[in-house]
Each structure stands twice: as C-alpha cells, then as structure tokens.
Amino acid sequence: MLKGKVAVVSGSAQGLGKAFTHILLENGAQVAMLDVNEEMGQELQVQLNQQYGSDRTQFYKADVSSDQQFTDVFQKILSKFGCIDIFCNNAGIADEKNWEKTVSINLSGVVRGTYLALDHMKKQNGGNGGVIINTASLAGLGPLPSAPIYTATKYGVVGFTRALSVASQALDYGVRINALCPSFVRTALIDSFKQEDKTGQFHSLFSITENMMEKFPFIEAEKVAEAFLLLVKDESVNGVALVVKNEATIIFILVLIIITVLRTRLLYRSRRAVTRTRIIIIIIIIIIIFFILTAGPGLAQDKPGTLICTRALPLGAVTGSRCVLGSARAQQQQKAAGGAAAQREHEHGVRGETHLTDILHAHTGAPGARDTDSVIQHTDGDGTGSRWPSTELEAEVTSAAPCLPNQAPPLLTPPTFTVIGQ
Ligand SMILES: NC(=O)C1=CN([C@@H]2O[C@H](COP(=O)(O)OP(=O)(O)OC[C@H]3O[C@@H](n4cnc5c(N)ncnc54)[C@H](O)[C@@H]3O)[C@@H](O)[C@H]2O)C=CC1
Ligand SMILES: CCCCC/C=C\C=C\C(=O)C/C=C\C/C=C\CCCC(=O)O
C-alpha cells in the first residue's frame, strides 16, 4: 500500500497520466496532478474528490517546458503536502513540425522534473529517498519512422534514466529511477499520427505507423498503470526500462485469416452450407480458446540482456523458453538451484506478489539475477574504479510459472512485460 505517500504526476489531466493517478489513489497515495490543460485538470480533480474523498488530490497548472512554472508549482506542492515520495514525468506530445517544442517537453521537461525531484528526495539533502518514473515509450527502444524527433526524445529519456539510475545508486541518493516503455495506447496523443500539422514532412509515412499499430495492437491505459505500479512498489527495481505491449500472436493472425476466408466463401454458398461453415468456425474458435486458456505462462528470449515475461501460447506464438542475461557462469548454478527456484516460483504464486527481480531470480536461480544491485567492480589503468550493474548471467529456463500472478490470463494478445538489463 502507498498510504501516507505523496505522488506527483505530470500530464495527468487525461490519458496515461490520468490512469497513473487513479492507480496511485486506489493504492492509498495522495496525488498532486500537474498539467498545462487547466480545464481538464480541474474537471478531473472534482471527479476524483467525489470518488476518493477530498484532500487526496490537488491539481496544479504548469508547463513542464517552463523552468519558472515547474519550479514554482513544485514549491507549492511541497508547501501543501510536506514532501514528495513518488514523481512521474509523464507529460508528452508528438509534434514533428514544431520539433523544438517536442524536445523541450518530452526530454528537457523530463530532465527538469527529475532534477527537481532528485534534489528534494536525495538523502544528502535531508530527503527521504523515493522513486522517479519517466514515461518513455517503445519508441525509446526502437524507431518510429514517421516521428524521428519523438523517437529521439524517447531514446533520450531511456538513456537519461538508465545513466542517472546508476549514478543515483553509486552516489547513494536513496532514489530509484525507472522508465516505462508502453506501445500504442488509445489516447489523445495518438491522433497526432494522422494530422499533417503534427507529422509535417513525414506525413506520407503515416501508413508505416498504421502497420506498426497492427504489429503492436493498442494496449489499455489501465494495463500500463499496472506496470507503472510495479515500478513504484518494488523497492529492488532501479534503472529498468519496462516494456508494456500487446503483440499480434500467430494465433491471432490465424484466427483472422480463417474468419476472413470463411466469410468470403459464405457469400457464395447455399443456406445449408452457410450453417455448416458457421458450425466449423465455432468449433475452430472453441478449440483455439481452449488452447489459449490452458497454455502455461512462461518466459521467452527477446535478445541478449533481455528477459520477456509473457504467456506461452501454443503453435509457437512464444517459442522456446530460454532467457539469456549474459555469461555461462550462472548456467551451472541454475542447474544446481533448479529445485529451489521452482519452489520460490511456487511461493510467488501463493503469496500473489510480484517482484520483477524475484521473477528473474526464480527463473534463473542465479544470485546475481535476484540482486539488481550487484555490480562488477574493476579498477581502470589510472587507478579509478568503475562500477557497472551485473548482467552477466545466463540460465536455461526449466519451468513455467505465472510471471505476474495477479493478472487475469490474457486472451489473444497478451500484454508483455519486458525487463531490459542495464
Ligand atoms: N499514447 C501512446 O500510444 C503512448 C504514449 N506514451 C507517452 O505517454 C505520455 C502520456 O501521453 P498520453 O497519455 O498518451 O497523451 P495525452 O495527450 O492523452 O496526455 C498528455 C497530457 O500531457 C499534457 N501536457 C502536454 N504538454 C504539456 C506541458 N508542456 N506541460 C504539462 N503538461 C503537458 C497534456 O495536456 C495532456 O493532458 C507521453 O509522454 C507519451 O509520449 C508512450 C507510449 C505510447
Ligand atoms: C507525429 C507522429 C506521431 C505518431 C504516433 C503517435 C503516438 C505514438 C506514441 C508512442 O509512443 C508509440 C509507441 C510505440 C511504437 C513505437 C515504436 C515501435 C518500434 C518497436 C520496435 O521496432 O521494436
């Protein structure tokens, strides 16, 4: 629970920021909402006061691209709430034409907010520590060709978050910093991709974005908020870029093909044939749903250094369950620790808790995987030491267990939570 915690969410008048505000309030926190859109922000505050009780939220108008406004509002929030424990830099736009504005909101705004929060939270300044979460995007890990500036800002947010999280750890600030990388979510921002005044010289590429939306079907803001909550609550997670995405699976595509082919045929057949064909379609769908519901959840490899927690679906929708986090060292340890790891997985399910690092640990059985704080320390030629988070772990995944036990089993397009090693 987050009772007694104070959170700030920028860009919270609508969309993802609104979903984050809801989940924070549901979990007991107080939330200071910050947005440039005063009308929507005030309206939301009235609704939230009715739903969660007055004094749980306060709306503040501020533009994150303005140093003055952001700093003034930050001070106002501190005066009202006394301290800040959770800070989410979420405000963002997608405007390729006015690219400087996009950079100053999406990247400079995140840096501005992070430094304000860090100064207040860090132990060296008498702060209580806390967590900062920066909303990046899947476009911070792979390009969105119709939006190069948007992509650049999101890569910037991921890079900034990763570097600063290590710095914060090395300097013992007591502040965790993580990035959230959702794929497409149906919000006001998404409309930008068809608006020529936003896409500018790349307008003709909107069909590429449409294709990408087919590859990564829309995910609900509430699902992204659940992933956000993991980053807030799990005190062992620092420097992670957490991907939340729906992926069109082979089954999903197969179902679409079958339905399309049969529907086309229906047009040319007799009434009896239509009934027969409908029965066949229903049987096929029932069989597929049975397979999906009974399929075990599991893990899959994305690329070295990456572990995907997902649901293993039949027909190779998720093939192989091998995760690679680095060197061969832990592979042997994993074999020895296999039984214990399975037991821990079982306990996870029973307790119904979700710890990202525990998931790594349970599946790899390797001590370093549990401890994201573990570092490889070496001394450079000039005598200065370098510390890097250890990702040199590799393990064979031997058993499947719910990666997120609290989640209802997904159907055709399961949400995927990916932990990217630093
Ligand atoms: N919708 C999507 O598909 C995805 C969105 N994101 C990111 O999520 C974040 C939230 O976006 P959405 O909820 O989708 O968009 P949205 O348009 O629904 O919400 C964005 C909010 O930010 C506010 N805002 C814009 N400029 C601001 C400024 N200068 N200062 C303060 N507030 C400002 C807006 O008034 C709005 O309320 C953004 O950073 C976006 O890049 C990431 C991945 C996917
Ligand atoms: C001005 C044009 C805007 C176009 C799109 C509008 C909103 C997009 C919001 C996002 O953050 C997009 C999210 C995810 C998709 C991005 C890239 C996927 C590439 C991943 C990969 O190649 O692996």
# chains A, B, ... in the order shown; residues from 1 in each chain; ligands from 1
call {"tool": "residues_near_ligand", "arguments": {"ligand": "ligand 1", "cutoff": "6 Å", "atoms": "only C-alpha atoms and all ligand atoms", "output": "number ranges by chain"}}
result
A: 10-17, 35-37, 62-65, 90-93, 105, 135-137, 182-190
call {"tool": "write_last_selection", "arguments": {"atoms": "N, CA, C and O atoms", "output": "tab-separated table (two decimals), in the first residue's frame"}}
result
chain	number	residue	atom	x	y	z
A	10	SER	N	2.94	14.38	-13.82
A	10	SER	CA	2.78	15.44	-14.82
A	10	SER	C	1.99	14.88	-16.01
A	10	SER	O	2.00	13.68	-16.27
A	11	GLY	N	1.29	15.77	-16.71
A	11	GLY	CA	0.46	15.33	-17.84
A	11	GLY	C	-0.65	14.41	-17.37
A	11	GLY	O	-0.95	13.41	-18.02
A	12	SER	N	-1.27	14.78	-16.24
A	12	SER	CA	-2.22	13.85	-15.61
A	12	SER	C	-3.69	14.21	-15.84
A	12	SER	O	-4.58	13.57	-15.29
A	13	ALA	N	-3.95	15.22	-16.66
A	13	ALA	CA	-5.35	15.61	-16.87
A	13	ALA	C	-6.11	14.59	-17.70
A	13	ALA	O	-7.34	14.55	-17.68
A	14	GLN	N	-5.38	13.76	-18.45
A	14	GLN	CA	-6.04	12.75	-19.30
A	14	GLN	C	-5.04	11.63	-19.62
A	14	GLN	O	-3.89	11.67	-19.18
A	15	GLY	N	-5.50	10.66	-20.39
A	15	GLY	CA	-4.61	9.62	-20.93
A	15	GLY	C	-3.90	8.80	-19.88
A	15	GLY	O	-4.46	8.46	-18.82
A	16	LEU	N	-2.63	8.51	-20.14
A	16	LEU	CA	-1.86	7.64	-19.23
A	16	LEU	C	-1.70	8.26	-17.85
A	16	LEU	O	-1.80	7.57	-16.83
A	17	GLY	N	-1.46	9.58	-17.82
A	17	GLY	CA	-1.25	10.25	-16.53
A	17	GLY	C	-2.49	10.13	-15.64
A	17	GLY	O	-2.38	9.96	-14.42
A	35	ASP	N	-0.58	19.70	-14.95
A	35	ASP	CA	-0.85	19.66	-16.40
A	35	ASP	C	-0.98	21.09	-16.92
A	35	ASP	O	-1.32	22.01	-16.17
A	36	VAL	N	-0.74	21.25	-18.21
A	36	VAL	CA	-0.88	22.55	-18.82
A	36	VAL	C	-2.36	22.82	-19.15
A	36	VAL	O	-2.77	23.97	-19.31
A	37	ASN	N	-3.14	21.77	-19.24
A	37	ASN	CA	-4.56	21.89	-19.57
A	37	ASN	C	-5.38	22.06	-18.29
A	37	ASN	O	-5.77	21.09	-17.63
A	62	ALA	N	0.71	23.87	-14.81
A	62	ALA	CA	2.10	24.24	-15.11
A	62	ALA	C	2.52	23.63	-16.43
A	62	ALA	O	2.03	22.57	-16.83
A	63	ASP	N	3.44	24.32	-17.10
A	63	ASP	CA	4.00	23.84	-18.35
A	63	ASP	C	5.40	23.29	-18.03
A	63	ASP	O	6.27	24.03	-17.56
A	64	VAL	N	5.60	22.01	-18.29
A	64	VAL	CA	6.89	21.40	-17.91
A	64	VAL	C	8.06	21.92	-18.74
A	64	VAL	O	9.22	21.67	-18.41
A	65	SER	N	7.74	22.64	-19.83
A	65	SER	CA	8.84	23.19	-20.62
A	65	SER	C	9.30	24.55	-20.08
A	65	SER	O	10.25	25.14	-20.58
A	90	ASN	N	5.52	12.43	-16.95
A	90	ASN	CA	4.70	11.74	-17.95
A	90	ASN	C	4.25	12.65	-19.08
A	90	ASN	O	3.95	12.16	-20.18
A	91	ALA	N	4.20	13.97	-18.86
A	91	ALA	CA	3.69	14.89	-19.89
A	91	ALA	C	4.47	14.70	-21.19
A	91	ALA	O	5.69	14.56	-21.18
A	92	GLY	N	3.75	14.64	-22.29
A	92	GLY	CA	4.44	14.47	-23.57
A	92	GLY	C	3.55	14.84	-24.74
A	92	GLY	O	2.32	14.85	-24.63
A	93	ILE	N	4.18	15.18	-25.87
A	93	ILE	CA	3.44	15.49	-27.10
A	93	ILE	C	4.15	14.78	-28.26
A	93	ILE	O	5.28	14.30	-28.12
A	105	ILE	N	9.47	19.61	-24.20
A	105	ILE	CA	8.51	18.97	-23.28
A	105	ILE	C	8.95	17.53	-22.98
A	105	ILE	O	9.11	17.14	-21.82
A	135	THR	N	7.92	8.40	-18.12
A	135	THR	CA	7.20	7.73	-19.20
A	135	THR	C	7.98	7.94	-20.49
A	135	THR	O	8.04	9.06	-21.01
A	136	ALA	N	8.60	6.88	-20.98
A	136	ALA	CA	9.27	6.94	-22.28
A	136	ALA	C	8.28	6.36	-23.28
A	136	ALA	O	7.14	6.81	-23.37
A	137	SER	N	8.66	5.32	-23.98
A	137	SER	CA	7.79	4.68	-24.98
A	137	SER	C	8.55	3.51	-25.57
A	137	SER	O	9.78	3.43	-25.45
A	182	PRO	N	5.66	1.96	-22.92
A	182	PRO	CA	4.46	1.33	-23.49
A	182	PRO	C	4.46	1.39	-25.01
A	182	PRO	O	5.06	2.29	-25.60
A	183	SER	N	3.76	0.43	-25.62
A	183	SER	CA	3.48	0.56	-27.05
A	183	SER	C	2.20	1.40	-27.17
A	183	SER	O	1.81	2.06	-26.21
A	184	PHE	N	1.55	1.35	-28.31
A	184	PHE	CA	0.43	2.27	-28.56
A	184	PHE	C	-0.72	2.14	-27.55
A	184	PHE	O	-1.15	1.04	-27.24
A	185	VAL	N	-1.15	3.30	-27.07
A	185	VAL	CA	-2.30	3.38	-26.15
A	185	VAL	C	-3.28	4.37	-26.77
A	185	VAL	O	-2.86	5.42	-27.25
A	186	ARG	N	-4.58	4.02	-26.74
A	186	ARG	CA	-5.55	4.92	-27.38
A	186	ARG	C	-5.80	6.15	-26.50
A	186	ARG	O	-6.61	6.12	-25.59
A	187	THR	N	-5.06	7.20	-26.76
A	187	THR	CA	-5.23	8.46	-26.00
A	187	THR	C	-5.28	9.61	-27.01
A	187	THR	O	-5.12	9.39	-28.21
A	188	ALA	N	-5.43	10.83	-26.49
A	188	ALA	CA	-5.50	11.99	-27.38
A	188	ALA	C	-4.23	12.11	-28.22
A	188	ALA	O	-4.26	12.51	-29.39
A	189	LEU	N	-3.10	11.75	-27.63
A	189	LEU	CA	-1.80	11.90	-28.31
A	189	LEU	C	-1.73	11.09	-29.60
A	189	LEU	O	-1.10	11.49	-30.58
A	190	ILE	N	-2.41	9.95	-29.62
A	190	ILE	CA	-2.31	9.04	-30.75
A	190	ILE	C	-2.87	9.67	-32.03
A	190	ILE	O	-2.46	9.34	-33.14
call {"tool": "residues_near_ligand", "arguments": {"ligand": "ligand 2", "cutoff": "7 Å", "atoms": "only C-alpha atoms and all ligand atoms", "output": "list in words"}}
result
Ala94, Asp95, Glu96, Ser137, Leu138, Ala139, Leu141, Gly142, Pro143, Leu144, Ser146, Ala147, Pro182, Ser183, Phe184, Leu189, Ile190, Asp191, Ser192, Phe193, Lys198, Thr199, Thr209 and Met212 of chain A
call {"tool": "write_last_selection", "arguments": {"atoms": "C-alpha atoms", "output": "JSON list (two decimals), in the first residue's frame"}}
result
[["chain", "number", "residue", "atom", "x", "y", "z"],
["A", 94, "ALA", "CA", 4.11, 14.21, -30.63],
["A", 95, "ASP", "CA", 4.75, 17.20, -32.89],
["A", 96, "GLU", "CA", 7.36, 16.70, -35.59],
["A", 137, "SER", "CA", 7.79, 4.68, -24.98],
["A", 138, "LEU", "CA", 8.52, 1.61, -27.04],
["A", 139, "ALA", "CA", 9.72, 4.30, -29.44],
["A", 141, "LEU", "CA", 13.89, 1.37, -27.77],
["A", 142, "GLY", "CA", 13.01, 1.03, -31.45],
["A", 143, "PRO", "CA", 12.34, 3.67, -34.11],
["A", 144, "LEU", "CA", 9.01, 5.14, -35.13],
["A", 146, "SER", "CA", 7.17, 8.80, -39.06],
["A", 147, "ALA", "CA", 8.29, 10.56, -35.88],
["A", 182, "PRO", "CA", 4.46, 1.33, -23.49],
["A", 183, "SER", "CA", 3.48, 0.56, -27.05],
["A", 184, "PHE", "CA", 0.43, 2.27, -28.56],
["A", 189, "LEU", "CA", -1.80, 11.90, -28.31],
["A", 190, "ILE", "CA", -2.31, 9.04, -30.75],
["A", 191, "ASP", "CA", -4.41, 11.28, -33.02],
["A", 192, "SER", "CA", -1.22, 13.15, -33.92],
["A", 193, "PHE", "CA", -0.15, 10.47, -36.36],
["A", 198, "LYS", "CA", 1.90, 17.38, -36.43],
["A", 199, "THR", "CA", 3.62, 14.95, -38.80],
["A", 209, "THR", "CA", 2.65, 3.90, -38.21],
["A", 212, "MET", "CA", 3.14, -0.74, -36.53]]
call {"tool": "residues_around", "arguments": {"residues": "segment 29-31 of chain A", "least_positions_apart": "5", "cutoff": "8 Å", "atoms": "only C-alpha atoms", "output": "PyMOL selection string"}}
result
chain A and resi 2-9+21+24+55-58
call {"tool": "select_by_dssp", "arguments": {"residues": "segment 43-233 of chain A", "states": "strand (DSSP E)", "output": "ChimeraX atom specification"}}
result
/A:57-61,86-89,130-135,175-182
call {"tool": "closest_residue", "arguments": {"among": "A:Lys101, A:His120, A:His22, A:Lys233", "to": "Thr153 of chain A", "atoms": "only C-alpha atoms"}}
result
A:Lys101
call {"tool": "closest_residue", "arguments": {"among": "A:Cys181, A:Ile23, A:Leu231, A:Ile283", "to": "Val244 of chain A", "atoms": "only C-alpha atoms"}}
result
A:Cys181
call {"tool": "decode", "arguments": {"residues": "segment 194-206 of chain A", "atoms": "all heavy atoms", "output": "mmCIF file, in the first residue's frame"}}
result
data_model
loop_
_atom_site.group_PDB
_atom_site.id
_atom_site.type_symbol
_atom_site.label_atom_id
_atom_site.label_comp_id
_atom_site.auth_asym_id
_atom_site.auth_seq_id
_atom_site.Cartn_x
_atom_site.Cartn_y
_atom_site.Cartn_z
ATOM 1 N N LYS A 194 -2.093 11.168 -37.687
ATOM 2 C CA LYS A 194 -2.770 11.432 -38.971
ATOM 3 C C LYS A 194 -2.884 12.934 -39.257
ATOM 4 O O LYS A 194 -3.438 13.335 -40.274
ATOM 5 C CB LYS A 194 -4.148 10.787 -38.977
ATOM 6 C CG LYS A 194 -4.071 9.329 -39.411
ATOM 7 C CD LYS A 194 -5.427 8.804 -39.814
ATOM 8 C CE LYS A 194 -5.278 7.426 -40.444
ATOM 9 N NZ LYS A 194 -6.554 6.744 -40.562
ATOM 10 N N GLN A 195 -2.383 13.758 -38.354
ATOM 11 C CA GLN A 195 -2.538 15.203 -38.528
ATOM 12 C C GLN A 195 -1.298 15.801 -39.187
ATOM 13 O O GLN A 195 -0.201 15.757 -38.605
ATOM 14 C CB GLN A 195 -2.766 15.877 -37.168
ATOM 15 C CG GLN A 195 -4.044 15.414 -36.477
ATOM 16 C CD GLN A 195 -4.105 15.838 -35.022
ATOM 17 O OE1 GLN A 195 -3.195 16.473 -34.501
ATOM 18 N NE2 GLN A 195 -5.190 15.479 -34.358
ATOM 19 N N GLU A 196 -1.517 16.355 -40.367
ATOM 20 C CA GLU A 196 -0.372 16.882 -41.116
ATOM 21 C C GLU A 196 0.338 18.010 -40.363
ATOM 22 O O GLU A 196 1.555 18.175 -40.480
ATOM 23 C CB GLU A 196 -0.836 17.363 -42.491
ATOM 24 C CG GLU A 196 0.299 17.411 -43.474
ATOM 25 C CD GLU A 196 -0.149 17.462 -44.924
ATOM 26 O OE1 GLU A 196 -1.364 17.389 -45.179
ATOM 27 O OE2 GLU A 196 0.731 17.579 -45.794
ATOM 28 N N ASP A 197 -0.411 18.764 -39.584
ATOM 29 C CA ASP A 197 0.244 19.849 -38.835
ATOM 30 C C ASP A 197 1.122 19.299 -37.703
ATOM 31 O O ASP A 197 1.884 20.041 -37.086
ATOM 32 C CB ASP A 197 -0.786 20.846 -38.285
ATOM 33 C CG ASP A 197 -1.740 20.212 -37.286
ATOM 34 O OD1 ASP A 197 -2.077 19.024 -37.478
ATOM 35 O OD2 ASP A 197 -2.123 20.869 -36.311
ATOM 36 N N LYS A 198 1.039 18.012 -37.441
ATOM 37 C CA LYS A 198 1.904 17.383 -36.426
ATOM 38 C C LYS A 198 2.997 16.541 -37.092
ATOM 39 O O LYS A 198 4.129 16.499 -36.630
ATOM 40 C CB LYS A 198 1.081 16.480 -35.493
ATOM 41 C CG LYS A 198 0.074 17.209 -34.637
ATOM 42 C CD LYS A 198 0.763 17.821 -33.438
ATOM 43 C CE LYS A 198 -0.018 18.810 -32.628
ATOM 44 N NZ LYS A 198 -1.425 18.712 -32.528
ATOM 45 N N THR A 199 2.649 15.859 -38.167
ATOM 46 C CA THR A 199 3.619 14.948 -38.804
ATOM 47 C C THR A 199 4.546 15.690 -39.767
ATOM 48 O O THR A 199 5.648 15.211 -40.064
ATOM 49 C CB THR A 199 2.892 13.833 -39.578
ATOM 50 O OG1 THR A 199 1.921 14.446 -40.413
ATOM 51 C CG2 THR A 199 2.211 12.860 -38.650
ATOM 52 N N GLY A 200 4.093 16.836 -40.292
ATOM 53 C CA GLY A 200 4.935 17.663 -41.162
ATOM 54 C C GLY A 200 5.451 16.914 -42.381
ATOM 55 O O GLY A 200 4.688 16.224 -43.073
ATOM 56 N N GLN A 201 6.763 16.988 -42.621
ATOM 57 C CA GLN A 201 7.352 16.407 -43.832
ATOM 58 C C GLN A 201 7.241 14.876 -43.878
ATOM 59 O O GLN A 201 7.502 14.259 -44.902
ATOM 60 C CB GLN A 201 8.818 16.812 -43.942
ATOM 61 C CG GLN A 201 9.669 16.356 -42.770
ATOM 62 C CD GLN A 201 11.109 16.809 -42.889
ATOM 63 O OE1 GLN A 201 11.739 16.660 -43.926
ATOM 64 N NE2 GLN A 201 11.644 17.381 -41.821
ATOM 65 N N PHE A 202 6.866 14.261 -42.748
ATOM 66 C CA PHE A 202 6.785 12.792 -42.713
ATOM 67 C C PHE A 202 5.354 12.285 -42.840
ATOM 68 O O PHE A 202 5.082 11.111 -42.591
ATOM 69 C CB PHE A 202 7.422 12.261 -41.414
ATOM 70 C CG PHE A 202 8.807 12.791 -41.203
ATOM 71 C CD1 PHE A 202 9.068 13.704 -40.183
ATOM 72 C CD2 PHE A 202 9.846 12.423 -42.037
ATOM 73 C CE1 PHE A 202 10.338 14.229 -40.008
ATOM 74 C CE2 PHE A 202 11.119 12.935 -41.866
ATOM 75 C CZ PHE A 202 11.362 13.839 -40.853
ATOM 76 N N HIS A 203 4.452 13.198 -43.240
ATOM 77 C CA HIS A 203 3.037 12.837 -43.250
ATOM 78 C C HIS A 203 2.750 11.588 -44.097
ATOM 79 O O HIS A 203 1.969 10.719 -43.711
ATOM 80 C CB HIS A 203 2.186 14.001 -43.744
ATOM 81 C CG HIS A 203 0.736 13.721 -43.606
ATOM 82 N ND1 HIS A 203 0.134 13.521 -42.381
ATOM 83 C CD2 HIS A 203 -0.245 13.536 -44.538
ATOM 84 C CE1 HIS A 203 -1.145 13.251 -42.555
ATOM 85 N NE2 HIS A 203 -1.399 13.244 -43.853
ATOM 86 N N SER A 204 3.442 11.490 -45.247
ATOM 87 C CA SER A 204 3.161 10.361 -46.157
ATOM 88 C C SER A 204 3.548 9.014 -45.537
ATOM 89 O O SER A 204 3.204 7.960 -46.063
ATOM 90 C CB SER A 204 3.902 10.553 -47.478
ATOM 91 O OG SER A 204 5.289 10.618 -47.204
ATOM 92 N N LEU A 205 4.251 9.054 -44.417
ATOM 93 C CA LEU A 205 4.673 7.797 -43.776
ATOM 94 C C LEU A 205 3.660 7.279 -42.747
ATOM 95 O O LEU A 205 3.953 6.355 -42.010
ATOM 96 C CB LEU A 205 6.039 7.983 -43.087
ATOM 97 C CG LEU A 205 7.204 8.384 -43.985
ATOM 98 C CD1 LEU A 205 8.492 8.454 -43.173
ATOM 99 C CD2 LEU A 205 7.375 7.402 -45.129
ATOM 100 N N PHE A 206 2.465 7.918 -42.722
ATOM 101 C CA PHE A 206 1.537 7.503 -41.647
ATOM 102 C C PHE A 206 1.125 6.038 -41.768
ATOM 103 O O PHE A 206 0.774 5.393 -40.795
ATOM 104 C CB PHE A 206 0.337 8.444 -41.537
ATOM 105 C CG PHE A 206 -0.691 8.288 -42.615
ATOM 106 C CD1 PHE A 206 -1.680 7.331 -42.502
ATOM 107 C CD2 PHE A 206 -0.665 9.109 -43.727
ATOM 108 C CE1 PHE A 206 -2.628 7.187 -43.494
ATOM 109 C CE2 PHE A 206 -1.611 8.970 -44.715
ATOM 110 C CZ PHE A 206 -2.590 7.998 -44.610
#
